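K.L.:
If it helps, the file is called my_file-v6.txt and holds compact mmCIF, C-alpha atoms:
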# COMPACT_ATOMS: atom_id res chain seq x y z
CA MET A 1 103.96 115.09 117.02
CA THR A 2 102.01 116.09 120.13
CA ASN A 3 98.83 116.05 118.05
CA PHE A 4 99.31 112.45 116.96
CA HIS A 5 96.53 110.09 117.98
CA LEU A 6 96.45 106.44 117.05
CA HIS A 7 93.33 105.66 115.01
CA PRO A 8 90.64 104.10 117.27
CA ARG A 9 90.41 101.03 115.02
CA LEU A 10 94.15 100.35 115.37
CA GLN A 11 93.87 100.97 119.09
CA ALA A 12 91.04 98.43 119.32
CA ASP A 13 92.63 95.75 117.12
CA CYS A 14 96.22 95.95 118.38
CA LEU A 15 98.44 95.91 121.45
CA SER A 16 101.27 98.41 121.87
CA VAL A 17 104.85 97.11 121.77
CA GLY A 18 106.61 100.47 122.06
CA HIS A 19 107.96 103.43 120.12
CA LEU A 20 110.71 103.67 117.53
CA PRO A 21 112.02 107.15 116.66
CA LEU A 22 109.31 107.70 114.04
CA SER A 23 106.73 104.98 114.52
CA GLN A 24 104.59 103.37 117.14
CA LEU A 25 105.04 99.60 116.97
CA LEU A 26 101.90 97.52 117.43
CA LEU A 27 101.11 93.82 117.68
CA MET A 28 97.94 92.90 115.83
CA ASN A 29 95.79 91.00 118.30
CA ASP A 30 95.53 87.92 116.08
CA SER A 31 97.43 84.86 117.17
CA LEU A 32 97.15 83.20 113.74
CA TYR A 33 100.33 84.94 112.54
CA PRO A 34 103.18 87.02 113.98
CA TRP A 35 101.71 90.31 112.72
CA PHE A 36 103.11 93.71 113.60
CA ILE A 37 102.30 97.24 112.44
CA LEU A 38 104.37 100.41 112.25
CA VAL A 39 102.42 103.67 112.56
CA PRO A 40 104.46 106.84 111.89
CA ARG A 41 103.54 109.40 114.56
CA ARG A 42 102.52 112.04 112.05
CA THR A 43 99.13 113.61 111.56
CA ASP A 44 97.05 113.65 108.38
CA ILE A 45 99.27 111.28 106.42
CA SER A 46 97.73 108.35 104.56
CA GLU A 47 100.43 107.51 101.99
CA ILE A 48 104.18 106.91 102.32
CA HIS A 49 104.93 109.47 99.60
CA GLN A 50 103.18 112.17 101.65
CA LEU A 51 105.89 111.91 104.32
CA PRO A 52 108.74 114.42 104.08
CA PRO A 53 112.00 112.85 102.83
CA ALA A 54 113.58 112.41 106.28
CA ASP A 55 110.49 110.57 107.54
CA ARG A 56 110.42 108.34 104.45
CA GLN A 57 114.02 107.37 105.17
CA GLN A 58 113.27 106.71 108.81
CA LEU A 59 110.25 104.57 107.97
CA LEU A 60 112.44 102.51 105.62
CA ILE A 61 115.02 102.09 108.39
CA GLU A 62 112.38 101.05 110.91
CA SER A 63 110.69 98.70 108.44
CA CYS A 64 113.97 96.95 107.61
CA LEU A 65 114.92 96.80 111.30
CA LEU A 66 111.58 95.18 112.09
CA ALA A 67 111.85 92.78 109.13
CA GLU A 68 115.37 91.71 110.15
CA THR A 69 114.20 91.19 113.71
CA LEU A 70 111.19 89.15 112.63
CA HIS A 71 113.50 87.08 110.44
CA THR A 72 115.75 86.40 113.43
CA ILE A 73 112.94 85.56 115.82
CA TYR A 74 110.47 83.73 113.60
CA ARG A 75 112.40 82.44 110.55
CA PRO A 76 109.31 82.85 108.36
CA ASP A 77 109.07 81.44 104.84
CA LYS A 78 108.10 84.93 103.62
CA GLN A 79 107.41 88.34 105.01
CA ASN A 80 104.39 90.29 103.80
CA ILE A 81 104.89 94.05 104.12
CA ALA A 82 102.08 96.34 103.07
CA ALA A 83 100.58 99.80 103.31
CA ILE A 84 96.91 99.27 102.45
CA GLY A 85 94.65 101.45 104.59
CA ASN A 86 91.38 101.07 102.71
CA LEU A 87 89.54 100.91 106.04
CA VAL A 88 91.91 102.94 108.24
CA SER A 89 93.46 105.72 106.22
CA GLN A 90 96.02 106.71 108.90
CA LEU A 91 99.32 105.53 107.39
CA HIS A 92 100.31 102.17 108.86
CA LEU A 93 102.68 99.53 107.55
CA HIS A 94 101.83 95.86 108.12
CA HIS A 95 104.60 93.31 108.69
CA VAL A 96 103.39 89.73 108.75
CA ALA A 97 105.66 86.70 109.17
CA ARG A 98 104.20 84.00 106.95
CA TYR A 99 104.65 80.24 106.81
CA ARG A 100 103.66 77.73 104.17
CA THR A 101 101.82 76.00 107.01
CA ASP A 102 99.83 79.02 108.27
CA PRO A 103 96.04 78.94 107.85
CA ALA A 104 95.83 81.63 105.15
CA TRP A 105 98.84 80.60 103.00
CA PRO A 106 99.37 81.43 100.16
CA ALA A 107 96.70 84.13 100.34
CA PRO A 108 97.42 87.47 102.01
CA VAL A 109 96.05 87.68 105.55
CA TRP A 110 93.80 90.72 105.20
CA GLY A 111 90.14 89.82 105.44
CA LYS A 112 90.92 86.12 105.08
CA LEU A 113 90.13 84.62 108.49
CA PRO A 114 88.52 85.96 111.66
CA PRO A 115 91.25 87.08 114.09
CA GLN A 116 91.99 84.81 117.03
CA PRO A 117 92.89 87.13 119.92
CA TYR A 118 95.85 86.24 122.09
CA THR A 119 95.45 85.18 125.70
CA GLN A 120 97.13 87.70 127.99
CA LYS A 121 99.97 85.27 128.58
CA GLN A 122 100.53 84.65 124.86
CA ALA A 123 100.48 88.38 124.10
CA GLU A 124 102.96 89.14 126.87
CA ALA A 125 105.30 86.44 125.57
CA ARG A 126 105.16 87.68 121.97
CA ILE A 127 105.56 91.33 122.95
CA GLY A 128 108.30 90.53 125.46
CA ARG A 129 110.36 88.67 122.91
CA LEU A 130 110.19 91.52 120.40
CA ARG A 131 110.95 94.14 123.06
CA GLU A 132 114.01 92.17 124.06
CA ALA A 133 115.21 91.88 120.45
CA LEU A 134 114.64 95.61 119.84
CA ALA A 135 115.87 96.77 123.26
CA ASP A 136 118.51 99.09 121.75
CA TYR A 137 115.94 100.93 119.62
CA LEU A 138 112.59 100.78 121.35
CA LEU A 139 111.13 103.15 123.91
CA VAL A 140 108.58 101.31 126.03
CA GLU A 141 106.12 103.40 127.99
CA ALA A 142 105.74 102.59 131.66
CA MET B 1 122.66 92.73 86.99
CA THR B 2 123.30 90.83 83.77
CA ASN B 3 122.07 87.66 85.47
CA PHE B 4 118.69 89.16 86.31
CA HIS B 5 115.73 87.36 84.82
CA LEU B 6 112.15 88.35 85.45
CA HIS B 7 110.22 85.48 87.08
CA PRO B 8 108.17 83.61 84.43
CA ARG B 9 104.95 84.19 86.38
CA LEU B 10 105.50 87.97 86.39
CA GLN B 11 106.40 87.79 82.71
CA ALA B 12 103.14 85.93 82.00
CA ASP B 13 100.87 88.12 84.13
CA CYS B 14 102.30 91.55 83.28
CA LEU B 15 103.26 93.89 80.48
CA SER B 16 106.53 95.83 80.56
CA VAL B 17 106.40 99.60 80.95
CA GLY B 18 110.15 100.25 81.10
CA HIS B 19 113.16 100.43 83.40
CA LEU B 20 113.94 102.75 86.28
CA PRO B 21 117.55 102.83 87.55
CA LEU B 22 116.95 99.88 89.90
CA SER B 23 113.64 98.33 88.94
CA GLN B 24 111.75 97.03 85.99
CA LEU B 25 108.31 98.63 85.91
CA LEU B 26 105.42 96.36 84.96
CA LEU B 27 101.71 96.79 84.34
CA MET B 28 99.65 93.93 85.77
CA ASN B 29 97.46 92.70 82.93
CA ASP B 30 94.24 93.24 84.88
CA SER B 31 92.04 96.10 83.74
CA LEU B 32 90.02 96.09 86.99
CA TYR B 33 92.49 98.45 88.66
CA PRO B 34 95.51 100.61 87.71
CA TRP B 35 98.02 98.06 89.06
CA PHE B 36 101.77 98.40 88.58
CA ILE B 37 104.73 96.43 89.93
CA LEU B 38 108.36 97.38 90.58
CA VAL B 39 110.87 94.53 90.32
CA PRO B 40 114.42 95.41 91.43
CA ARG B 41 116.85 93.95 88.89
CA ARG B 42 118.75 91.95 91.50
CA THR B 43 119.15 88.20 91.73
CA ASP B 44 118.21 85.96 94.66
CA ILE B 45 116.44 88.67 96.66
CA SER B 46 113.01 87.99 98.10
CA GLU B 47 112.75 90.60 100.87
CA ILE B 48 113.37 94.37 100.90
CA HIS B 49 115.72 94.07 103.88
CA GLN B 50 117.96 91.71 101.88
CA LEU B 51 118.83 94.56 99.51
CA PRO B 52 122.05 96.46 100.25
CA PRO B 53 121.42 99.94 101.70
CA ALA B 54 121.87 101.84 98.42
CA ASP B 55 119.32 99.60 96.70
CA ARG B 56 116.86 99.98 99.57
CA GLN B 57 117.12 103.75 99.17
CA GLN B 58 116.66 103.54 95.44
CA LEU B 59 113.62 101.29 95.78
CA LEU B 60 112.09 103.82 98.18
CA ILE B 61 112.79 106.62 95.69
CA GLU B 62 111.27 104.64 92.81
CA SER B 63 108.25 103.59 94.90
CA CYS B 64 107.52 107.18 95.94
CA LEU B 65 108.07 108.41 92.37
CA LEU B 66 105.59 105.82 91.10
CA ALA B 67 103.10 106.61 93.89
CA GLU B 68 103.27 110.34 93.17
CA THR B 69 102.81 109.69 89.47
CA LEU B 70 99.83 107.40 90.05
CA HIS B 71 98.35 110.06 92.32
CA THR B 72 98.72 112.65 89.55
CA ILE B 73 97.33 110.43 86.80
CA TYR B 74 94.59 108.51 88.61
CA ARG B 75 93.65 110.52 91.73
CA PRO B 76 92.83 107.29 93.60
CA ASP B 77 91.05 107.23 96.95
CA LYS B 78 93.91 105.11 98.33
CA GLN B 79 97.10 103.49 97.14
CA ASN B 80 97.87 99.93 98.17
CA ILE B 81 101.61 99.24 98.21
CA ALA B 82 102.80 95.78 99.12
CA ALA B 83 105.65 93.28 98.98
CA ILE B 84 103.92 89.92 99.39
CA GLY B 85 105.54 87.27 97.22
CA ASN B 86 103.95 84.14 98.68
CA LEU B 87 103.60 82.72 95.17
CA VAL B 88 106.49 84.49 93.41
CA SER B 89 109.37 84.93 95.81
CA GLN B 90 111.39 87.23 93.49
CA LEU B 91 111.12 90.60 95.24
CA HIS B 92 108.40 92.72 93.64
CA LEU B 93 106.48 95.68 94.99
CA HIS B 94 102.83 96.08 94.05
CA HIS B 95 101.32 99.55 93.59
CA VAL B 96 97.56 99.55 93.12
CA ALA B 97 95.45 102.67 92.71
CA ARG B 98 92.20 101.98 94.54
CA TYR B 99 88.78 103.58 94.43
CA ARG B 100 85.82 103.23 96.75
CA THR B 101 83.90 102.25 93.61
CA ASP B 102 86.29 99.52 92.38
CA PRO B 103 85.00 95.93 92.36
CA ALA B 104 87.19 94.68 95.25
CA TRP B 105 86.91 97.68 97.60
CA PRO B 106 87.56 97.71 100.55
CA ALA B 107 89.31 94.32 100.29
CA PRO B 108 92.87 94.09 98.98
CA VAL B 109 93.03 93.01 95.34
CA TRP B 110 95.17 89.88 95.69
CA GLY B 111 93.21 86.72 95.00
CA LYS B 112 89.92 88.60 95.14
CA LEU B 113 88.63 88.61 91.56
CA PRO B 114 89.73 86.90 88.34
CA PRO B 115 91.89 89.32 86.32
CA GLN B 116 90.30 90.95 83.30
CA PRO B 117 93.08 91.30 80.72
CA TYR B 118 93.38 94.56 78.80
CA THR B 119 92.66 94.79 75.12
CA GLN B 120 95.79 95.78 73.22
CA LYS B 121 94.43 99.29 72.75
CA GLN B 122 93.62 99.69 76.46
CA ALA B 123 97.05 98.42 77.47
CA GLU B 124 98.83 100.73 75.07
CA ALA B 125 96.86 103.70 76.39
CA ARG B 126 97.60 102.88 80.04
CA ILE B 127 101.29 102.20 79.40
CA GLY B 128 101.63 105.24 77.14
CA ARG B 129 100.22 107.57 79.77
CA LEU B 130 102.61 106.32 82.44
CA ARG B 131 105.61 106.42 80.10
CA GLU B 132 104.78 110.02 79.28
CA ALA B 133 104.49 110.96 82.96
CA LEU B 134 107.78 109.18 83.79
CA ALA B 135 109.62 110.26 80.63
CA ASP B 136 112.45 111.91 82.59
CA TYR B 137 113.19 108.73 84.55
CA LEU B 138 112.20 105.75 82.47
CA LEU B 139 114.26 103.80 79.97
CA VAL B 140 111.97 102.15 77.45
CA GLU B 141 113.41 99.30 75.40
CA ALA B 142 112.92 99.46 71.68
For this file, write the structure as structure tokens.

P.N.:
Amino acid sequence: MTNFHLHPRLQADCLSVGHLPLSQLLLMNDSLYPWFILVPRRTDISEIHQLPPADRQQLLIESCLLAETLHTIYRPDKQNIAAIGNLVSQLHLHHVARYRTDPAWPAPVWGKLPPQPYTQKQAEARIGRLREALADYLLVEA
Amino acid sequence: MTNFHLHPRLQADCLSVGHLPLSQLLLMNDSLYPWFILVPRRTDISEIHQLPPADRQQLLIESCLLAETLHTIYRPDKQNIAAIGNLVSQLHLHHVARYRTDPAWPAPVWGKLPPQPYTQKQAEARIGRLREALADYLLVEA
């Protein structure tokens, strides 16, 4: 775990929300959709099935926790959950809250529209709300 | 379980490979990529987190089994695994074996290119190979 480094592309494209027991939780810096990413803090893993069984379980727990929380906060019409990684092979699991009225609907969001970065105030509001909802689970670095 | 009906759109777009304990396994009728779909045989479920815990676990097991099998058969450069469902809300989990040389790379496959249906011979070969690899787990209807 000490050797884990977030891929530079994820670091550049995202803001950190905090840490769950297995994964770092990121906010994609694109205000078009509520879009979060779980990155298991494991090295040299690009596919879910490469994780040892206990980590697979924990990723499922964290993914469902995040999905339930996004449901509570955002009431989306659909959640899109995906491990793609064609550009960034470090295993990361997208969670996107989708609405029939969002600009990419019904297409998936990847590569569809140029990202619209948050203002600092918008990002703080979105991150703050999720941190509050996940307060019992999330470790937030000072 | 007896009330489960595969969504007509999945029925139209896919060919059946067989049944795992929880999910029906489908082959997307698009010869551009090795593209399979798991559909848990549960009614009125559109999100993974809506499944009861035992079903979540079983879906994870079946997804990893399928991913390991696709790795063995196809040696892809990357697997794309996704629950999207913006058009078909019945929960279904895509598994696509991707190559740097495939026609959509590095984009995700959804909505990218018109599907190229298999010939009957091609479909039988692809399905037959997967059935053989999953023979210990798969129930194939007569």

K.L.:
So that I can see what lies close to region 10-23 of chain B, please list as a ChimeraX atom specification the residues with an atom at most 6 Å from it, counting only C-alpha atoms and leaving out residues fewer than 6 positions away in the same chain.

P.N.:
/B:29,38-41,127,138-140

K.L.:
Deliver the residues from the most recent selection as a file, using C-alpha atoms, as a short mmCIF file (atom, residue, chain, number, x, y, z; two decimals), in the frame of the given file.

P.N.:
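Dumped to part-v6.cif:
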data_model
loop_
_atom_site.label_atom_id
_atom_site.label_comp_id
_atom_site.auth_asym_id
_atom_site.auth_seq_id
_atom_site.Cartn_x
_atom_site.Cartn_y
_atom_site.Cartn_z
CA ASN B 29 97.46 92.70 82.93
CA LEU B 38 108.36 97.38 90.58
CA VAL B 39 110.87 94.53 90.32
CA PRO B 40 114.42 95.41 91.43
CA ARG B 41 116.85 93.95 88.89
CA ILE B 127 101.29 102.20 79.40
CA LEU B 138 112.20 105.75 82.47
CA LEU B 139 114.26 103.80 79.97
CA VAL B 140 111.97 102.15 77.45
#

K.L.:
Which polymer residues have any atom within 10 Å of an atom of region 128-130 of chain A, counting all atoms listed in the file, with same-chain residues fewer than 5 positions away left out, as an mmCIF file with C-alpha atoms, keeping the file's coordinate frame?

P.N.:
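File out23.cif, as written:
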data_model
loop_
_atom_site.group_PDB
_atom_site.id
_atom_site.type_symbol
_atom_site.label_atom_id
_atom_site.label_comp_id
_atom_site.auth_asym_id
_atom_site.auth_seq_id
_atom_site.Cartn_x
_atom_site.Cartn_y
_atom_site.Cartn_z
ATOM 1 C CA VAL A 17 104.850 97.110 121.770
ATOM 2 C CA GLY A 18 106.610 100.470 122.060
ATOM 3 C CA LEU A 27 101.110 93.820 117.680
ATOM 4 C CA LEU A 66 111.580 95.180 112.090
ATOM 5 C CA THR A 69 114.200 91.190 113.710
ATOM 6 C CA LEU A 70 111.190 89.150 112.630
ATOM 7 C CA ILE A 73 112.940 85.560 115.820
ATOM 8 C CA GLN A 122 100.530 84.650 124.860
ATOM 9 C CA ALA A 123 100.480 88.380 124.100
ATOM 10 C CA ALA A 135 115.870 96.770 123.260
ATOM 11 C CA LEU A 138 112.590 100.780 121.350
#

K.L.:
Up to 6 Å from chain B, what residues of chain A turn up? Count all atoms listed in the file and give them as a VMD selection string.

P.N.:
chain A and resid 49 64 80 to 84 86 106

K.L.:
Nearest to Pro8 (chain A) among A:Met28, A:Ile45, A:Val88, A:Ala54, with distances taken over only C-alpha atoms: which residue is it?

P.N.:
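Residue with the minimum atom-to-atom distance to Pro8 (chain A): A:Val88.
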
K.L.:
With distances taken over all atoms listed in the file, which residue among B:Glu62, B:Arg75, B:Gln90, B:Leu25 lies nearest Arg42 (chain B)?

P.N.:
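Of B:Glu62, B:Arg75, B:Gln90, B:Leu25, the one nearest Arg42 (chain B), counting all atoms listed in the file, is B:Gln90.
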
K.L.:
If I take CA of His92 (chain B) and CA of His5 (chain B), how far is one from the other in Å, to one decimal?

P.N.:
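Going from CA of His92 (chain B) over to CA of His5 (chain B), I get 12.7 Å.
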
K.L.:
Measure the distance from CA of Pro34 (chain A) to CA of Arg126 (chain A) in Å and round it to one decimal.

P.N.:
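Atom-to-atom, CA of Pro34 (chain A) to CA of Arg126 (chain A), that is 8.3 Å.
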
K.L.:
Quick one: pull the distance between CA of Asp30 (chain B) and CA of Pro76 (chain B), Å, one decimal.

P.N.:
16.6 Å

K.L.:
Tell me which of A:Thr101, A:Leu26, A:Arg9, A:Ser31 sits closest to Arg131 (chain A), counting all atoms listed in the file.

P.N.:
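For Arg131 (chain A), the nearest of the candidates is A:Leu26.
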
K.L.:
Find the smallest box with edges along x, y and z containing every listed atom of region 64-83 of chain B, then add 6 Å on each side and report centre and edge lengths in Å to one decimal, as JSON.

P.N.:
{"center_x": 99.6, "center_y": 103.0, "center_z": 93.0, "size_x": 29.0, "size_y": 31.4, "size_z": 24.3}

K.L.:
As a PDB file, in the coordinates of the input, please: region 112-125 of chain A completed to N, CA and C atoms.

P.N.:
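See selection-v9.pdb below for the written result:
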ATOM      1  N   LYS A 112      90.972  87.540 105.443  1.00  0.00           N
ATOM      2  CA  LYS A 112      90.920  86.120 105.080  1.00  0.00           C
ATOM      3  C   LYS A 112      90.227  85.276 106.159  1.00  0.00           C
ATOM      4  N   LEU A 113      90.660  85.431 107.391  1.00  0.00           N
ATOM      5  CA  LEU A 113      90.130  84.620 108.490  1.00  0.00           C
ATOM      6  C   LEU A 113      89.815  85.516 109.677  1.00  0.00           C
ATOM      7  N   PRO A 114      88.803  85.141 110.473  1.00  0.00           N
ATOM      8  CA  PRO A 114      88.520  85.960 111.660  1.00  0.00           C
ATOM      9  C   PRO A 114      89.710  85.921 112.607  1.00  0.00           C
ATOM     10  N   PRO A 115      90.086  87.072 113.186  1.00  0.00           N
ATOM     11  CA  PRO A 115      91.250  87.080 114.090  1.00  0.00           C
ATOM     12  C   PRO A 115      91.003  86.222 115.320  1.00  0.00           C
ATOM     13  N   GLN A 116      92.054  85.581 115.783  1.00  0.00           N
ATOM     14  CA  GLN A 116      91.990  84.810 117.030  1.00  0.00           C
ATOM     15  C   GLN A 116      92.819  85.545 118.070  1.00  0.00           C
ATOM     16  N   PRO A 117      92.143  86.315 118.943  1.00  0.00           N
ATOM     17  CA  PRO A 117      92.890  87.130 119.920  1.00  0.00           C
ATOM     18  C   PRO A 117      93.808  86.275 120.784  1.00  0.00           C
ATOM     19  N   TYR A 118      94.919  86.880 121.175  1.00  0.00           N
ATOM     20  CA  TYR A 118      95.850  86.240 122.090  1.00  0.00           C
ATOM     21  C   TYR A 118      95.231  86.130 123.488  1.00  0.00           C
ATOM     22  N   THR A 119      95.645  85.112 124.262  1.00  0.00           N
ATOM     23  CA  THR A 119      95.450  85.180 125.700  1.00  0.00           C
ATOM     24  C   THR A 119      96.437  86.215 126.220  1.00  0.00           C
ATOM     25  N   GLN A 120      96.213  86.693 127.436  1.00  0.00           N
ATOM     26  CA  GLN A 120      97.130  87.700 127.990  1.00  0.00           C
ATOM     27  C   GLN A 120      98.554  87.147 128.066  1.00  0.00           C
ATOM     28  N   LYS A 121      98.657  85.891 128.432  1.00  0.00           N
ATOM     29  CA  LYS A 121      99.970  85.270 128.580  1.00  0.00           C
ATOM     30  C   LYS A 121     100.686  85.159 127.225  1.00  0.00           C
ATOM     31  N   GLN A 122      99.948  84.751 126.203  1.00  0.00           N
ATOM     32  CA  GLN A 122     100.530  84.650 124.860  1.00  0.00           C
ATOM     33  C   GLN A 122     100.992  86.021 124.358  1.00  0.00           C
ATOM     34  N   ALA A 123     100.138  87.033 124.572  1.00  0.00           N
ATOM     35  CA  ALA A 123     100.480  88.380 124.100  1.00  0.00           C
ATOM     36  C   ALA A 123     101.727  88.887 124.807  1.00  0.00           C
ATOM     37  N   GLU A 124     101.790  88.681 126.118  1.00  0.00           N
ATOM     38  CA  GLU A 124     102.960  89.140 126.870  1.00  0.00           C
ATOM     39  C   GLU A 124     104.233  88.459 126.382  1.00  0.00           C
ATOM     40  N   ALA A 125     104.125  87.174 126.061  1.00  0.00           N
ATOM     41  CA  ALA A 125     105.300  86.440 125.570  1.00  0.00           C
ATOM     42  C   ALA A 125     105.758  86.987 124.225  1.00  0.00           C
TER      43      ALA A 125
END
